[in-house]
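The data block below is target_29.cif; it holds mmCIF, C-alpha atoms.
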data_data
loop_
_atom_site.label_atom_id
_atom_site.label_comp_id
_atom_site.auth_asym_id
_atom_site.auth_seq_id
_atom_site.Cartn_x
_atom_site.Cartn_y
_atom_site.Cartn_z
CA GLY J 72 81.00 86.75 103.71
CA ILE J 73 84.44 87.35 105.07
CA ASN J 74 83.39 87.10 108.72
CA ALA J 75 81.77 83.69 108.23
CA GLU J 76 84.90 82.21 106.67
CA TYR J 77 87.62 83.76 108.86
CA GLY J 78 85.77 84.87 111.95
CA PRO J 79 85.20 88.49 112.90
CA PRO J 80 88.08 90.62 114.13
CA VAL J 81 88.09 90.65 117.93
CA ASN J 82 88.93 93.61 120.13
CA THR J 83 91.43 92.17 122.63
CA VAL J 84 93.42 93.68 125.48
CA VAL J 85 97.17 93.42 124.95
CA THR J 86 99.55 93.82 127.87
CA ASP J 87 103.23 94.56 127.39
CA ASN J 88 105.46 92.12 129.28
CA SER J 89 107.86 94.82 130.42
CA SER J 90 105.22 96.86 132.27
CA ALA J 91 101.88 95.85 133.73
CA LEU J 92 100.59 99.41 133.25
CA ASP J 93 100.93 99.34 129.48
CA GLN J 94 97.70 97.95 128.07
CA TRP J 95 95.94 98.72 124.82
CA TYR J 96 93.23 97.32 122.62
CA GLU J 97 94.09 95.65 119.37
CA CYS J 98 91.70 94.55 116.66
CA LYS J 99 92.99 91.27 115.24
CA SER J 100 91.64 88.23 113.55
CA ASP J 101 92.37 84.72 114.77
CA ASP J 102 93.65 83.80 111.33
CA ASN J 103 97.10 85.28 110.55
CA LYS J 104 96.63 84.73 106.82
CA PHE J 105 93.47 86.85 106.88
CA GLN J 106 95.27 89.54 108.91
CA THR J 107 98.16 89.64 106.43
CA THR J 108 95.80 89.69 103.45
CA MET J 109 93.81 92.60 104.87
CA THR J 110 97.04 94.52 105.61
CA TRP J 111 98.18 94.13 102.00
CA ILE J 112 94.73 95.12 100.73
CA PHE J 113 94.97 98.25 102.87
CA PHE J 114 98.44 99.04 101.48
CA GLY J 115 97.27 98.35 97.93
CA TYR J 116 94.31 100.69 98.32
CA ASN J 117 96.54 103.47 99.65
CA LEU J 118 99.05 102.87 96.86
CA PHE J 119 96.19 103.17 94.37
CA LEU J 120 95.14 106.50 95.94
CA VAL J 121 98.70 107.85 95.75
CA ALA J 122 99.06 106.72 92.13
CA PHE J 123 95.67 108.22 91.20
CA GLY J 124 96.58 111.51 92.91
CA SER J 125 99.87 111.60 91.00
CA TYR J 126 98.05 110.90 87.74
CA MET J 127 95.59 113.73 88.42
CA ALA J 128 98.49 116.07 89.20
CA TYR J 129 100.06 115.07 85.89
CA LEU J 130 96.84 115.77 84.00
CA THR J 131 96.46 119.24 85.51
CA ARG J 132 100.04 120.36 84.87
CA GLY J 133 99.03 122.70 82.03
CA VAL J 134 96.50 124.78 83.98
CA VAL J 135 97.12 128.53 84.38
CA SER J 136 99.83 129.11 86.98
CA HIS J 137 97.60 130.99 89.45
CA PHE J 138 95.43 127.91 89.84
CA ASN J 139 98.04 125.24 89.15
CA GLU J 140 98.66 123.16 92.24
CA SER J 141 99.75 120.03 90.42
CA ARG J 142 103.37 120.56 91.40
CA TYR J 143 102.45 120.69 95.07
CA ILE J 144 100.14 117.69 94.79
CA ALA J 145 102.84 115.70 93.03
CA LEU J 146 105.35 116.72 95.71
CA ALA J 147 102.98 115.57 98.45
CA MET J 148 102.39 112.24 96.69
CA TYR J 149 106.14 111.76 96.20
CA ASN J 150 106.72 112.56 99.86
CA ILE J 151 104.16 109.97 101.01
CA THR J 152 105.56 107.35 98.63
CA VAL J 153 109.15 107.83 99.81
CA CYS J 154 108.06 107.83 103.44
CA LEU J 155 106.13 104.58 102.95
CA ALA J 156 109.00 102.97 101.05
CA ILE J 157 111.40 103.74 103.88
CA ILE J 158 109.13 103.25 106.90
CA ALA J 159 107.07 100.17 105.91
CA PRO J 160 109.98 97.69 105.93
CA ILE J 161 111.26 99.12 109.22
CA TYR J 162 107.80 99.01 110.77
CA PHE J 163 107.27 95.33 110.00
CA THR J 164 110.76 94.24 111.07
CA VAL J 165 111.22 96.03 114.39
CA GLY J 166 112.42 92.98 116.25
CA ASP J 167 111.21 90.65 118.97
CA ASP J 168 107.98 90.89 120.93
CA SER J 169 109.52 92.67 123.91
CA GLY J 170 108.72 96.35 123.39
CA LYS J 171 107.62 95.82 119.79
CA ALA J 172 104.41 97.81 120.25
CA GLU J 173 106.27 100.85 121.58
CA ARG J 174 108.75 100.75 118.71
CA GLN J 175 105.94 100.44 116.17
CA TYR J 176 104.12 103.35 117.79
CA ILE J 177 107.25 105.52 117.70
CA ILE J 178 107.96 104.63 114.06
CA ARG J 179 104.35 105.28 113.03
CA SER J 180 104.31 108.63 114.86
CA ALA J 181 107.68 109.73 113.48
CA ALA J 182 106.63 108.81 109.94
CA SER J 183 103.38 110.77 110.24
CA LEU J 184 105.18 113.81 111.63
CA PHE J 185 107.90 113.63 108.99
CA ALA J 186 105.48 113.29 106.09
CA SER J 187 103.16 116.07 107.26
CA CYS J 188 105.96 118.52 108.15
CA ILE J 189 107.75 118.05 104.84
CA THR J 190 104.48 118.43 102.93
CA TYR J 191 103.52 121.59 104.84
CA PHE J 192 107.00 123.00 104.30
CA ALA J 193 106.80 122.29 100.57
CA LEU J 194 103.36 123.91 100.35
CA PHE J 195 103.97 127.02 102.43
CA ALA J 196 107.68 127.80 102.00
CA PRO J 197 107.25 129.39 98.53
CA LYS J 198 104.33 131.46 99.76
CA LEU J 199 106.22 132.66 102.83
CA HIS J 200 109.28 133.39 100.71
CA ALA J 201 107.19 135.48 98.33
CA LEU J 202 105.52 137.26 101.23
CA PHE J 203 108.69 138.21 103.09
CA PHE J 204 111.16 138.75 100.26
CA SER J 205 108.84 140.31 97.68
CA LEU J 206 107.37 142.78 100.16
CA ASP J 207 110.01 145.44 99.41
CA ASP J 208 109.45 145.09 95.66
CA ASN J 209 105.71 145.65 96.10
CA LEU J 210 106.24 148.77 98.21
CA ASN J 211 108.71 150.34 95.78
CA THR J 212 106.58 149.80 92.67
CA SER J 213 103.34 151.06 94.19
CA THR J 214 103.18 154.84 93.67
CA SER J 215 99.46 155.34 93.14
CA SER J 216 98.33 155.02 96.76
CA PRO J 217 100.20 158.11 98.12
CA LYS J 218 98.68 160.28 95.37
CA ILE J 219 95.20 159.10 96.32
CA ASN J 220 95.88 159.93 99.95
CA GLN J 221 97.23 163.38 99.02
CA THR J 222 94.12 164.25 96.98
CA THR J 223 91.79 163.17 99.76
CA ASN J 224 93.79 165.21 102.26
CA ASN J 225 93.58 168.30 100.00
CA LYS J 226 89.79 167.96 99.73
CA ASN J 227 89.50 167.84 103.50
CA ALA J 228 91.67 170.96 103.83
CA VAL J 229 89.42 173.04 101.54
#
Take the structure in this file and express it as structure tokens.
Amino acid sequence: GINAEYGPPVNTVVTDNSSALDQWYECKSDDNKFQTTMTWIFFGYNLFLVAFGSYMAYLTRGVVSHFNESRYIALAMYNITVCLAIIAPIYFTVGDDSGKAERQYIIRSAASLFASCITYFALFAPKLHALFFSLDDNLNTSTSSPKINQTTNNKNAV
């Protein structure tokens, strides 16, 4: 299989040259071509998942509005795609080896935080807006509940 031809990935300890305290484990193959190929396979698989999710959101666009989440799914897929398109080139071209791991870690963390925060905001902002700004409309249009309370109070008084 793959391991027989390229050798299995090895868990190695990597030490940053700027600080002897910074050590971490990295799973890498001895063959750079294999490492690059596997990275692109990983990106291709994730791109396929994003495209498939977008396609499914497109197919479900005509569902009744109470159950229609295709807009939110499409927004999340778009958000991930834009984040990957911006961050991936930066991540792979962060500079020389001195401090490269820290910069990659910061970029990866910032991209994850950005993508998740924007997605959560897109999902929950309309719901929170409806909750806080439509609350007065719901209270003004509801007139049946005070009548029910008045009739139950009159029965208790008798």
Between atom CA of J:Phe195 and atom CA of J:Tyr126 - distance in Å to one decimal | 22.6 Å
Figure out the distance between atom CA of J:Phe192 and atom CA of J:Glu140, please, to one decimal in Å.
->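 Between these atoms lies a distance of 14.7 Å.
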Separation of atom CA of J:Ser141 from atom CA of J:Ala128 in Å =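 Atom-to-atom, atom CA of J:Ala128 and atom CA of J:Ser141 are spaced 4.3 Å apart.
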Care to translate the PyMOL selection byres ((chain J and resi 125) around 12) into actual residues of this file, as a list in words?
-> Leu118, Phe119, Leu120, Val121, Ala122, Phe123, Gly124, Tyr126, Met127, Ala128, Tyr129, Leu130, Thr131, Arg132, Glu140, Ser141, Arg142, Tyr143, Ile144, Ala145, Leu146, Ala147, Met148, Tyr149, Asn150, Ile151 and Thr152 of chain J
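Nearest to J:Ser183 of all the residues J:Leu155, J:Lys171, J:Ser100, J:Ile112 is J:Leu155, counting all atoms listed in the file.
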